[in-house]
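Below is input-v4.cif, holding mmCIF, C-alpha atoms.
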data_target
#
loop_
_atom_site.label_atom_id
_atom_site.label_comp_id
_atom_site.auth_asym_id
_atom_site.auth_seq_id
_atom_site.Cartn_x
_atom_site.Cartn_y
_atom_site.Cartn_z
CA GLY R 1 35.01 18.36 10.13
CA VAL R 2 37.07 21.16 8.58
CA VAL R 3 36.93 22.45 5.02
CA GLN R 4 40.27 23.70 3.72
CA LYS R 5 40.30 26.79 1.51
CA GLY R 6 42.35 27.71 -1.53
CA PRO R 7 42.76 26.50 -5.12
CA HIS R 8 44.07 23.09 -4.07
CA ALA R 9 41.81 22.67 -1.06
CA LYS R 10 40.57 19.22 -0.22
CA ASP R 11 37.24 18.64 1.45
CA ILE R 12 38.18 16.65 4.53
CA ARG R 13 34.75 16.59 6.15
CA PRO R 14 33.54 13.10 7.09
CA ARG R 15 31.36 11.64 4.35
CA LEU R 16 27.82 10.55 5.07
CA LEU R 17 25.56 8.82 2.57
CA LEU R 18 21.79 8.79 3.10
CA ILE R 19 19.64 6.33 1.16
CA ASP R 20 15.85 6.55 1.05
CA SER R 21 13.30 5.23 -1.40
CA CYS R 22 12.64 8.62 -3.01
CA THR R 23 13.83 12.21 -2.85
CA PRO R 24 12.20 13.82 0.21
CA THR R 25 9.14 15.99 -0.41
CA PRO R 26 8.84 17.66 3.00
CA ASP R 27 5.77 19.69 2.07
CA ARG R 28 3.85 16.51 1.25
CA ASP R 29 4.54 13.84 3.89
CA SER R 30 5.87 13.44 7.39
CA GLY R 31 8.48 10.80 6.55
CA SER R 32 10.07 13.18 4.06
CA MET R 33 10.20 15.85 6.73
CA ASP R 34 12.08 13.42 8.97
CA VAL R 35 14.65 12.75 6.24
CA PHE R 36 14.97 16.41 5.27
CA ASN R 37 15.52 17.54 8.85
CA SER R 38 18.01 14.72 9.45
CA ILE R 39 19.99 16.00 6.48
CA ARG R 40 19.96 19.53 7.89
CA ILE R 41 21.19 18.26 11.26
CA PHE R 42 24.06 16.28 9.73
CA LEU R 43 25.13 19.26 7.64
CA ARG R 44 25.26 21.40 10.77
CA MET R 45 27.36 18.71 12.45
CA GLY R 46 29.97 19.14 9.73
CA TYR R 47 29.30 16.14 7.49
CA ARG R 48 29.62 16.11 3.74
CA VAL R 49 26.24 14.63 2.81
CA SER R 50 25.27 12.65 -0.29
CA PHE R 51 21.77 11.38 -1.00
CA ILE R 52 20.48 8.53 -3.19
CA PRO R 53 16.78 8.00 -4.08
CA GLU R 54 17.17 4.26 -4.45
CA SER R 55 13.83 3.35 -6.02
CA ASN R 56 14.42 5.24 -9.27
CA LEU R 57 17.72 7.17 -9.10
CA LEU R 58 15.89 10.17 -10.55
CA ARG R 59 16.13 13.85 -9.76
CA LEU R 60 12.89 15.33 -8.51
CA GLY R 61 12.85 18.88 -9.81
CA PRO R 62 12.62 21.54 -7.10
CA TYR R 63 13.00 18.96 -4.32
CA SER R 64 16.43 17.88 -5.55
CA ASP R 65 17.29 21.54 -6.10
CA ALA R 66 16.37 22.29 -2.47
CA LEU R 67 18.79 19.63 -1.24
CA GLU R 68 21.57 20.94 -3.44
CA ARG R 69 21.04 24.46 -2.14
CA LEU R 70 21.72 23.09 1.34
CA GLY R 71 24.99 21.62 0.06
CA VAL R 72 23.87 18.01 -0.48
CA GLU R 73 25.32 15.94 -3.33
CA CYS R 74 22.30 14.36 -5.07
CA ILE R 75 23.21 11.06 -6.74
CA SER R 76 21.09 10.11 -9.76
CA HIS R 77 21.37 7.68 -12.67
CA VAL R 78 23.79 10.15 -14.25
CA GLU R 79 26.34 9.45 -11.51
CA ALA R 80 25.57 5.76 -10.90
CA SER R 81 23.62 3.01 -12.60
CA SER R 82 22.54 1.49 -9.26
CA VAL R 83 23.00 1.80 -5.53
CA LYS R 84 25.31 -1.20 -5.55
CA GLU R 85 27.46 0.32 -8.29
CA TYR R 86 27.82 3.56 -6.31
CA LEU R 87 28.67 1.67 -3.11
CA ARG R 88 31.21 -0.47 -4.96
CA ARG R 89 32.89 2.67 -6.34
CA GLU R 90 32.69 5.01 -3.33
CA GLY R 91 32.12 2.72 -0.36
CA ASP R 92 35.64 2.74 1.01
CA GLN R 93 35.49 6.56 1.19
CA LEU R 94 32.32 6.68 3.30
CA ASP R 95 32.32 7.25 7.06
CA VAL R 96 28.59 6.80 7.72
CA VAL R 97 25.74 5.24 5.72
CA MET R 98 22.20 5.89 6.88
CA LEU R 99 19.32 3.79 5.53
CA PHE R 100 15.76 5.08 5.94
CA ARG R 101 12.77 2.72 6.17
CA ALA R 102 12.70 -1.07 6.43
CA PRO R 103 12.33 -1.89 2.71
CA VAL R 104 15.41 0.22 1.89
CA ALA R 105 17.42 -1.33 4.72
CA ILE R 106 16.38 -4.84 3.71
CA ARG R 107 17.53 -4.25 0.13
CA HIS R 108 20.87 -2.59 0.87
CA THR R 109 22.24 -3.55 4.29
CA ARG R 110 24.38 -6.38 3.00
CA ALA R 111 25.80 -4.30 0.15
CA VAL R 112 26.74 -1.54 2.59
CA ARG R 113 28.51 -4.06 4.79
CA ARG R 114 30.34 -5.52 1.81
CA TYR R 115 31.45 -2.34 0.05
CA CYS R 116 31.75 0.15 2.95
CA PRO R 117 34.16 -1.60 5.32
CA SER R 118 34.94 1.45 7.47
CA ALA R 119 31.49 3.05 7.52
CA LYS R 120 29.14 3.06 10.47
CA LEU R 121 25.71 1.81 9.41
CA ILE R 122 22.63 3.54 10.87
CA PHE R 123 19.12 2.22 10.26
CA SER R 124 16.40 4.86 10.75
CA THR R 125 13.10 2.99 10.81
CA ILE R 126 10.77 6.03 10.32
CA ASP R 127 8.25 3.62 11.83
CA LEU R 128 8.43 -0.07 12.68
CA HIS R 129 7.03 -1.59 9.52
CA PHE R 130 6.47 -5.04 11.03
CA LEU R 131 4.47 -3.48 13.87
CA ARG R 132 2.33 -1.56 11.40
CA GLU R 133 1.75 -4.75 9.42
CA ALA R 134 0.69 -6.65 12.53
CA ARG R 135 -1.72 -3.90 13.56
CA SER R 136 -3.15 -3.83 10.06
CA ARG R 137 -3.91 -7.55 10.23
CA ASN R 138 -5.43 -7.01 13.65
CA ALA R 139 -7.67 -4.22 12.35
CA HIS R 140 -8.84 -6.13 9.31
CA GLU R 141 -8.44 -9.85 9.92
CA GLY R 142 -7.54 -10.53 13.53
CA LEU R 143 -3.95 -10.88 14.68
CA ASP R 144 -2.20 -14.24 14.74
CA ARG R 145 0.56 -13.57 17.29
CA SER R 146 2.31 -16.85 16.51
CA ARG R 147 3.03 -15.76 12.96
CA MET R 148 6.27 -13.88 12.46
CA THR R 149 6.22 -12.57 8.90
CA LEU R 150 9.12 -12.31 6.50
CA LEU R 151 9.05 -8.54 6.97
CA HIS R 152 9.24 -8.96 10.74
CA ARG R 153 12.30 -11.19 10.54
CA ALA R 154 13.99 -9.06 7.88
CA GLU R 155 13.48 -5.79 9.76
CA LEU R 156 14.89 -7.25 12.96
CA ARG R 157 17.84 -8.67 11.03
CA CYS R 158 18.63 -5.19 9.70
CA MET R 159 18.71 -3.89 13.28
CA GLN R 160 21.09 -6.65 14.27
CA GLU R 161 23.42 -5.93 11.35
CA ALA R 162 23.39 -2.14 11.81
CA ASP R 163 25.76 -0.37 14.17
CA HIS R 164 22.81 1.59 15.51
CA SER R 165 19.07 1.88 14.84
CA ILE R 166 16.64 4.74 15.41
CA VAL R 167 12.97 4.58 16.38
CA ILE R 168 10.68 7.55 17.02
CA SER R 169 8.92 6.62 20.26
CA GLU R 170 9.47 4.95 23.62
CA ALA R 171 6.69 2.52 22.71
CA GLU R 172 8.61 1.35 19.64
CA LEU R 173 11.82 1.13 21.69
CA GLU R 174 10.06 -1.19 24.13
CA VAL R 175 8.89 -3.43 21.28
CA VAL R 176 12.42 -3.64 19.85
CA LYS R 177 14.02 -4.37 23.22
CA GLN R 178 11.55 -7.20 23.82
CA GLU R 179 12.59 -8.76 20.51
CA LEU R 180 16.31 -7.88 20.57
CA PRO R 181 17.50 -6.98 24.08
CA GLN R 182 21.13 -6.49 23.03
CA VAL R 183 20.60 -4.39 19.90
CA SER R 184 21.90 -0.81 19.85
CA VAL R 185 18.84 1.42 19.39
CA SER R 186 17.71 4.83 20.54
CA VAL R 187 14.68 7.12 20.35
CA VAL R 188 14.96 10.22 18.20
CA PRO R 189 11.54 11.90 18.26
CA LEU R 190 10.08 13.74 15.29
CA VAL R 191 12.01 16.93 14.61
CA ARG R 192 9.79 19.85 13.62
CA GLU R 193 10.11 23.62 13.42
CA PHE R 194 7.03 25.82 13.46
CA GLU R 195 5.88 29.29 14.36
CA PRO R 196 2.32 29.07 15.67
CA ALA R 197 0.08 31.83 14.41
CA PRO R 198 -2.09 33.76 16.90
CA PRO R 199 -5.16 31.55 17.23
CA LYS R 200 -8.70 32.67 16.65
CA ASP R 201 -11.03 32.34 19.58
CA PHE R 202 -12.57 28.88 19.72
CA VAL R 203 -16.08 30.19 19.08
CA GLU R 204 -14.90 31.75 15.81
CA ARG R 205 -13.69 28.39 14.52
CA SER R 206 -15.67 25.65 12.82
CA GLY R 207 -15.19 22.24 11.31
CA LEU R 208 -12.67 19.45 11.75
CA ALA R 209 -9.92 18.03 9.58
CA PHE R 210 -7.68 15.07 8.88
CA VAL R 211 -4.25 15.70 7.37
CA GLY R 212 -2.15 12.92 5.85
CA ASN R 213 -0.29 11.68 2.81
CA TYR R 214 -2.32 9.00 1.03
CA GLN R 215 0.63 7.06 -0.30
CA HIS R 216 0.73 5.85 3.32
CA PRO R 217 -1.96 3.11 3.50
CA PRO R 218 -2.87 3.63 7.19
CA ASN R 219 -4.03 7.16 6.33
CA ILE R 220 -6.41 5.85 3.68
CA ASP R 221 -7.80 3.31 6.15
CA ALA R 222 -8.23 6.06 8.77
CA VAL R 223 -10.23 8.37 6.51
CA LEU R 224 -12.43 5.59 5.14
CA PHE R 225 -13.11 4.35 8.69
CA PHE R 226 -14.05 7.88 9.78
CA LEU R 227 -16.27 8.49 6.76
CA LYS R 228 -18.10 5.18 7.05
CA GLU R 229 -18.34 4.66 10.81
CA ILE R 230 -18.01 8.01 12.59
CA TRP R 231 -19.12 10.86 10.33
CA PRO R 232 -22.64 9.37 9.83
CA LEU R 233 -23.10 9.64 13.61
CA VAL R 234 -21.78 13.20 13.83
CA TYR R 235 -23.30 14.96 10.81
CA PRO R 236 -27.01 14.41 11.58
CA LYS R 237 -26.49 15.95 15.03
CA ILE R 238 -24.36 18.88 13.77
CA PRO R 239 -25.55 19.48 10.18
CA ASP R 240 -23.55 22.69 9.77
CA ALA R 241 -20.27 20.87 10.58
CA ARG R 242 -17.67 20.36 7.86
CA PHE R 243 -15.04 17.64 7.66
CA PHE R 244 -11.98 18.67 5.63
CA VAL R 245 -9.84 15.89 4.16
CA VAL R 246 -6.37 17.24 3.44
CA GLY R 247 -3.23 15.74 1.91
CA SER R 248 -1.44 14.64 -1.23
CA TYR R 249 -2.25 11.72 -3.55
CA MET R 250 -5.87 11.27 -2.49
CA PRO R 251 -7.23 8.00 -3.94
CA ASP R 252 -10.58 7.45 -5.65
CA ALA R 253 -11.75 5.33 -2.71
CA ILE R 254 -11.85 8.42 -0.50
CA ARG R 255 -13.54 10.52 -3.19
CA GLU R 256 -16.21 7.85 -3.61
CA ALA R 257 -16.80 7.61 0.15
CA ALA R 258 -17.29 11.36 0.66
CA THR R 259 -20.82 12.37 1.67
CA GLU R 260 -22.65 15.51 2.76
CA GLY R 261 -20.59 17.89 4.85
CA VAL R 262 -17.28 16.49 3.60
CA GLU R 263 -14.86 18.74 1.71
CA LEU R 264 -11.91 17.11 -0.07
CA LEU R 265 -9.14 19.71 -0.13
CA GLY R 266 -6.27 17.46 -1.18
CA PHE R 267 -2.82 19.06 -1.20
CA VAL R 268 -2.60 22.57 0.22
CA ASP R 269 0.48 24.80 0.11
CA SER R 270 0.20 25.81 3.77
CA LEU R 271 -1.70 24.40 6.72
CA ASP R 272 -1.60 27.68 8.66
CA ASP R 273 -4.99 28.90 7.41
CA LEU R 274 -6.63 25.50 7.92
CA PHE R 275 -5.41 25.06 11.49
CA GLY R 276 -6.27 28.68 12.19
CA ARG R 277 -9.96 28.14 11.48
CA ILE R 278 -10.92 24.56 12.38
CA ARG R 279 -12.05 23.50 15.85
CA LEU R 280 -10.77 19.94 15.85
CA SER R 281 -8.16 17.79 14.21
CA VAL R 282 -8.95 14.06 14.08
CA ALA R 283 -6.64 11.07 13.76
CA PRO R 284 -8.83 7.95 13.48
CA LEU R 285 -5.82 5.72 12.84
CA ARG R 286 -6.38 2.02 13.41
CA VAL R 287 -2.89 1.02 12.29
#

Reformat the file's structure so that it appears as structure tokens.
Amino acid sequence: GVVQKGPHAKDIRPRLLLIDSCTPTPDRDSGSMDVFNSIRIFLRMGYRVSFIPESNLLRLGPYSDALERLGVECISHVEASSVKEYLRREGDQLDVVMLFRAPVAIRHTRAVRRYCPSAKLIFSTIDLHFLREARSRNAHEGLDRSRMTLLHRAELRCMQEADHSIVISEAELEVVKQELPQVSVSVVPLVREFEPAPPKDFVERSGLAFVGNYQHPPNIDAVLFFLKEIWPLVYPKIPDARFFVVGSYMPDAIREAATEGVELLGFVDSLDDLFGRIRLSVAPLRV
């Protein structure tokens, strides 16, 4: 796109609307980092980007400010009373609408199709929610493969109704193609930027850590599983070992399960120091 200059200039860049459940907090969870980096990519491609946090239509302090500094138009309850109202008013001006996560897509796909007749609709799954749900049942109750849940059907329907869908791994792509061979879907892996610090020698390091956002239920399950089933086998053999539990929104269940040798760090501003001194990172994810 091209931006005209001058007092009567008109912004003729293609318009792209992103809708997620909440304003991205990229220092607190991986999904937010995906959304934030997607926004950066679209801006570099020349799109005029607007963003709606559909669950509450609220600004989120410095996180909304960070988007606006990039040049994103942040839509809140001041500009629209609901997602549908905004789509009804602006939909015919939109070129692309991108929906993040299955619950968001399930709630808004039909409204996008109704009010945005010329827009391409992209569904970015972040992860396949129906697959996560099935694995959760398998981990806790045993999986009934004959049972297709409402979420399963709804998520697949969103893929069928979208012009294109995005998954983050070849394994997820294979699952989708088994269910919907004709659907338009591609793999866009996690996009991350980092500058690795010079590592300490392994013998100078100690301890192990889990990092995750605890609004994501599989992370809670992972830590509780590790604390109850694995750490009691490790700690008696290596009594000077330390297990660091890191991440935002830590629930009481994890605090109550912590035992000797466990340090609950919660949210940390930077992971550089942590990863510079631990020996191992663990990911005991069952889901």

If you count all atoms listed in the file, which residues fall within 9 Å of stretch 261-274 of chain R, apart from same-chain ones fewer than 6 positions away, as a list in words?
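Within the cut-off, the hits are Asp27, Arg28, Pro196, Ala197, Ala209, Val211, Asn213, Leu227, Trp231, Tyr235, Pro239, Asp240, Ala241, Arg242, Phe243, Phe244, Val245, Val246, Gly247, Ser248, Tyr249, Met250, Ile254 and Arg255 of chain R.
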
Within 12 Å of stretch 185-194 of chain R: each stretch 3-61 of chain R residue with its shortest pair, only C-alpha atoms, as JSON lines:
{"residue": "R:Pro26", "atom": "CA", "partner": "R:Arg192", "partner_atom": "CA", "distance": 10.9}
{"residue": "R:Ser30", "atom": "CA", "partner": "R:Leu190", "partner_atom": "CA", "distance": 9.0}
{"residue": "R:Gly31", "atom": "CA", "partner": "R:Leu190", "partner_atom": "CA", "distance": 9.4}
{"residue": "R:Ser32", "atom": "CA", "partner": "R:Leu190", "partner_atom": "CA", "distance": 11.2}
{"residue": "R:Met33", "atom": "CA", "partner": "R:Arg192", "partner_atom": "CA", "distance": 8.0}
{"residue": "R:Asp34", "atom": "CA", "partner": "R:Leu190", "partner_atom": "CA", "distance": 6.6}
{"residue": "R:Val35", "atom": "CA", "partner": "R:Val191", "partner_atom": "CA", "distance": 9.7}
{"residue": "R:Phe36", "atom": "CA", "partner": "R:Val191", "partner_atom": "CA", "distance": 9.8}
{"residue": "R:Asn37", "atom": "CA", "partner": "R:Val191", "partner_atom": "CA", "distance": 6.8}
{"residue": "R:Ser38", "atom": "CA", "partner": "R:Val191", "partner_atom": "CA", "distance": 8.2}
{"residue": "R:Ile39", "atom": "CA", "partner": "R:Val191", "partner_atom": "CA", "distance": 11.4}
{"residue": "R:Arg40", "atom": "CA", "partner": "R:Val191", "partner_atom": "CA", "distance": 10.7}
{"residue": "R:Ile41", "atom": "CA", "partner": "R:Val191", "partner_atom": "CA", "distance": 9.9}

Apply the PyMOL selection byres ((chain R and resi 43-49) around 8) to the file shown and report the selected residues as a list in words.
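For this structure, the PyMOL selection byres ((chain R and resi 43-49) around 8) resolves to Gly1, Val2, Arg13, Pro14, Arg15, Leu16, Leu17, Leu18, Ile39, Arg40, Ile41, Phe42, Ser50, Phe51, Gly71, Val72 and Glu73 of chain R.
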
Neighbour list for stretch 111-113 of chain R as a JSON list (two decimals) with C-alpha atoms, in the coordinates of the input, cut-off 7 Å, all atoms listed in the file, skip fewer than 3 positions in-chain:
[["chain", "number", "residue", "atom", "x", "y", "z"],
["R", 84, "LYS", "CA", 25.31, -1.20, -5.55],
["R", 87, "LEU", "CA", 28.67, 1.67, -3.11],
["R", 108, "HIS", "CA", 20.87, -2.59, 0.87],
["R", 116, "CYS", "CA", 31.75, 0.15, 2.95],
["R", 117, "PRO", "CA", 34.16, -1.60, 5.32]]

For R:Val234, which residue out of R:Phe130, R:Thr25, R:Leu208, R:Pro181 is the nearest one, using all atoms listed in the file?
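Of all the options, R:Leu208 lies closest to R:Val234.
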
Please indicate the distance in Å from atom CA of R:Val223 to atom CA of R:Leu285, rounded to one decimal place.
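Result for atom CA of R:Val223 versus atom CA of R:Leu285: 8.2 Å, one decimal.
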
So what do you get for atom CA of R:Pro218 versus atom CA of R:Leu131, distance-wise?
12.2 Å

Computed interatomic separation between atom CA of R:Met98 and atom CA of R:Val167 (Å):
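Answer for the atom CA of R:Met98 to atom CA of R:Val167 separation: 13.3 Å.
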
Residue nearest R:Glu155 - candidates R:Pro103, R:Gly207, R:Pro199, R:Pro232, atoms counted: all atoms listed in the file
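Checking each candidate against R:Glu155, we get R:Pro103 as the closest.
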
Nearest candidate to R:Arg59 (options R:Thr23, R:Ser81, R:Ser165, R:Gln93; using only C-alpha atoms):
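Using only C-alpha atoms, R:Arg59 sits closest to R:Thr23.
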
Using all atoms listed in the file for the distances, tell me which of R:Glu90, R:Glu161, R:Glu256, R:Asp221 is nearest to R:Ala283.
R:Asp221

With the file shown as input, list the residues that the PyMOL selection byres ((chain R and resi 54-58) around 9) selects, as a PyMOL selection string.
chain R and resi 19-23+52-53+59-60+75-78+80-83+104

Around (18.7, -10.3, 18.5) in the file's own coordinates, what residues are found within 8 Å if you use all atoms listed in the file, given back as a list in words?
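Nearby residues: Leu156, Arg157, Gln160, Glu179, Leu180, Pro181, Gln182 and Val183 of chain R.
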
Please evaluate the PyMOL selection byres ((chain R and resi 164) around 7) against the structure above and give the resulting residues as a PyMOL selection string.
chain R and resi 121-123+162-163+165-166+184-185

Restore N, CA, C and O atoms in stretch 185-201 of chain R and list the result as a PDB file, keeping the file's coordinate frame.
ATOM      1  N   VAL R 185      19.968   0.665  19.950  1.00  0.00           N
ATOM      2  CA  VAL R 185      18.840   1.420  19.390  1.00  0.00           C
ATOM      3  C   VAL R 185      18.521   2.589  20.317  1.00  0.00           C
ATOM      4  O   VAL R 185      18.701   2.494  21.529  1.00  0.00           O
ATOM      5  N   SER R 186      18.076   3.670  19.739  1.00  0.00           N
ATOM      6  CA  SER R 186      17.710   4.830  20.540  1.00  0.00           C
ATOM      7  C   SER R 186      16.491   5.512  19.956  1.00  0.00           C
ATOM      8  O   SER R 186      16.141   5.300  18.793  1.00  0.00           O
ATOM      9  N   VAL R 187      15.851   6.347  20.768  1.00  0.00           N
ATOM     10  CA  VAL R 187      14.680   7.120  20.350  1.00  0.00           C
ATOM     11  C   VAL R 187      15.129   8.502  19.912  1.00  0.00           C
ATOM     12  O   VAL R 187      15.798   9.215  20.659  1.00  0.00           O
ATOM     13  N   VAL R 188      14.789   8.850  18.687  1.00  0.00           N
ATOM     14  CA  VAL R 188      14.960  10.220  18.200  1.00  0.00           C
ATOM     15  C   VAL R 188      13.577  10.684  17.768  1.00  0.00           C
ATOM     16  O   VAL R 188      13.087  10.284  16.720  1.00  0.00           O
ATOM     17  N   PRO R 189      12.912  11.504  18.581  1.00  0.00           N
ATOM     18  CA  PRO R 189      11.540  11.900  18.260  1.00  0.00           C
ATOM     19  C   PRO R 189      11.483  12.724  16.979  1.00  0.00           C
ATOM     20  O   PRO R 189      12.514  13.184  16.451  1.00  0.00           O
ATOM     21  N   LEU R 190      10.276  12.926  16.480  1.00  0.00           N
ATOM     22  CA  LEU R 190      10.080  13.740  15.290  1.00  0.00           C
ATOM     23  C   LEU R 190      10.638  15.137  15.501  1.00  0.00           C
ATOM     24  O   LEU R 190      10.390  15.766  16.533  1.00  0.00           O
ATOM     25  N   VAL R 191      11.398  15.604  14.530  1.00  0.00           N
ATOM     26  CA  VAL R 191      12.010  16.930  14.610  1.00  0.00           C
ATOM     27  C   VAL R 191      11.200  17.879  13.735  1.00  0.00           C
ATOM     28  O   VAL R 191      11.082  17.681  12.526  1.00  0.00           O
ATOM     29  N   ARG R 192      10.627  18.903  14.356  1.00  0.00           N
ATOM     30  CA  ARG R 192       9.790  19.850  13.620  1.00  0.00           C
ATOM     31  C   ARG R 192      10.093  21.276  14.059  1.00  0.00           C
ATOM     32  O   ARG R 192      10.391  21.524  15.226  1.00  0.00           O
ATOM     33  N   GLU R 193      10.016  22.194  13.122  1.00  0.00           N
ATOM     34  CA  GLU R 193      10.110  23.620  13.420  1.00  0.00           C
ATOM     35  C   GLU R 193       8.802  24.275  13.000  1.00  0.00           C
ATOM     36  O   GLU R 193       8.294  23.999  11.917  1.00  0.00           O
ATOM     37  N   PHE R 194       8.260  25.129  13.848  1.00  0.00           N
ATOM     38  CA  PHE R 194       7.030  25.820  13.460  1.00  0.00           C
ATOM     39  C   PHE R 194       6.912  27.110  14.256  1.00  0.00           C
ATOM     40  O   PHE R 194       7.490  27.249  15.335  1.00  0.00           O
ATOM     41  N   GLU R 195       6.187  28.038  13.697  1.00  0.00           N
ATOM     42  CA  GLU R 195       5.880  29.290  14.360  1.00  0.00           C
ATOM     43  C   GLU R 195       4.359  29.408  14.439  1.00  0.00           C
ATOM     44  O   GLU R 195       3.713  29.780  13.461  1.00  0.00           O
ATOM     45  N   PRO R 196       3.785  29.060  15.575  1.00  0.00           N
ATOM     46  CA  PRO R 196       2.320  29.070  15.670  1.00  0.00           C
ATOM     47  C   PRO R 196       1.756  30.470  15.468  1.00  0.00           C
ATOM     48  O   PRO R 196       2.253  31.439  16.037  1.00  0.00           O
ATOM     49  N   ALA R 197       0.746  30.544  14.644  1.00  0.00           N
ATOM     50  CA  ALA R 197       0.080  31.830  14.410  1.00  0.00           C
ATOM     51  C   ALA R 197      -0.850  32.131  15.581  1.00  0.00           C
ATOM     52  O   ALA R 197      -1.327  31.217  16.260  1.00  0.00           O
ATOM     53  N   PRO R 198      -1.127  33.423  15.835  1.00  0.00           N
ATOM     54  CA  PRO R 198      -2.090  33.760  16.900  1.00  0.00           C
ATOM     55  C   PRO R 198      -3.438  33.104  16.598  1.00  0.00           C
ATOM     56  O   PRO R 198      -4.000  33.297  15.515  1.00  0.00           O
ATOM     57  N   PRO R 199      -3.932  32.284  17.516  1.00  0.00           N
ATOM     58  CA  PRO R 199      -5.160  31.550  17.230  1.00  0.00           C
ATOM     59  C   PRO R 199      -6.402  32.428  17.302  1.00  0.00           C
ATOM     60  O   PRO R 199      -6.450  33.399  18.061  1.00  0.00           O
ATOM     61  N   LYS R 200      -7.383  32.064  16.486  1.00  0.00           N
ATOM     62  CA  LYS R 200      -8.700  32.670  16.650  1.00  0.00           C
ATOM     63  C   LYS R 200      -9.354  32.098  17.899  1.00  0.00           C
ATOM     64  O   LYS R 200      -9.033  30.992  18.330  1.00  0.00           O
ATOM     65  N   ASP R 201     -10.274  32.853  18.450  1.00  0.00           N
ATOM     66  CA  ASP R 201     -11.030  32.340  19.580  1.00  0.00           C
ATOM     67  C   ASP R 201     -11.797  31.092  19.147  1.00  0.00           C
ATOM     68  O   ASP R 201     -12.234  30.983  17.993  1.00  0.00           O
TER      69      ASP R 201
END
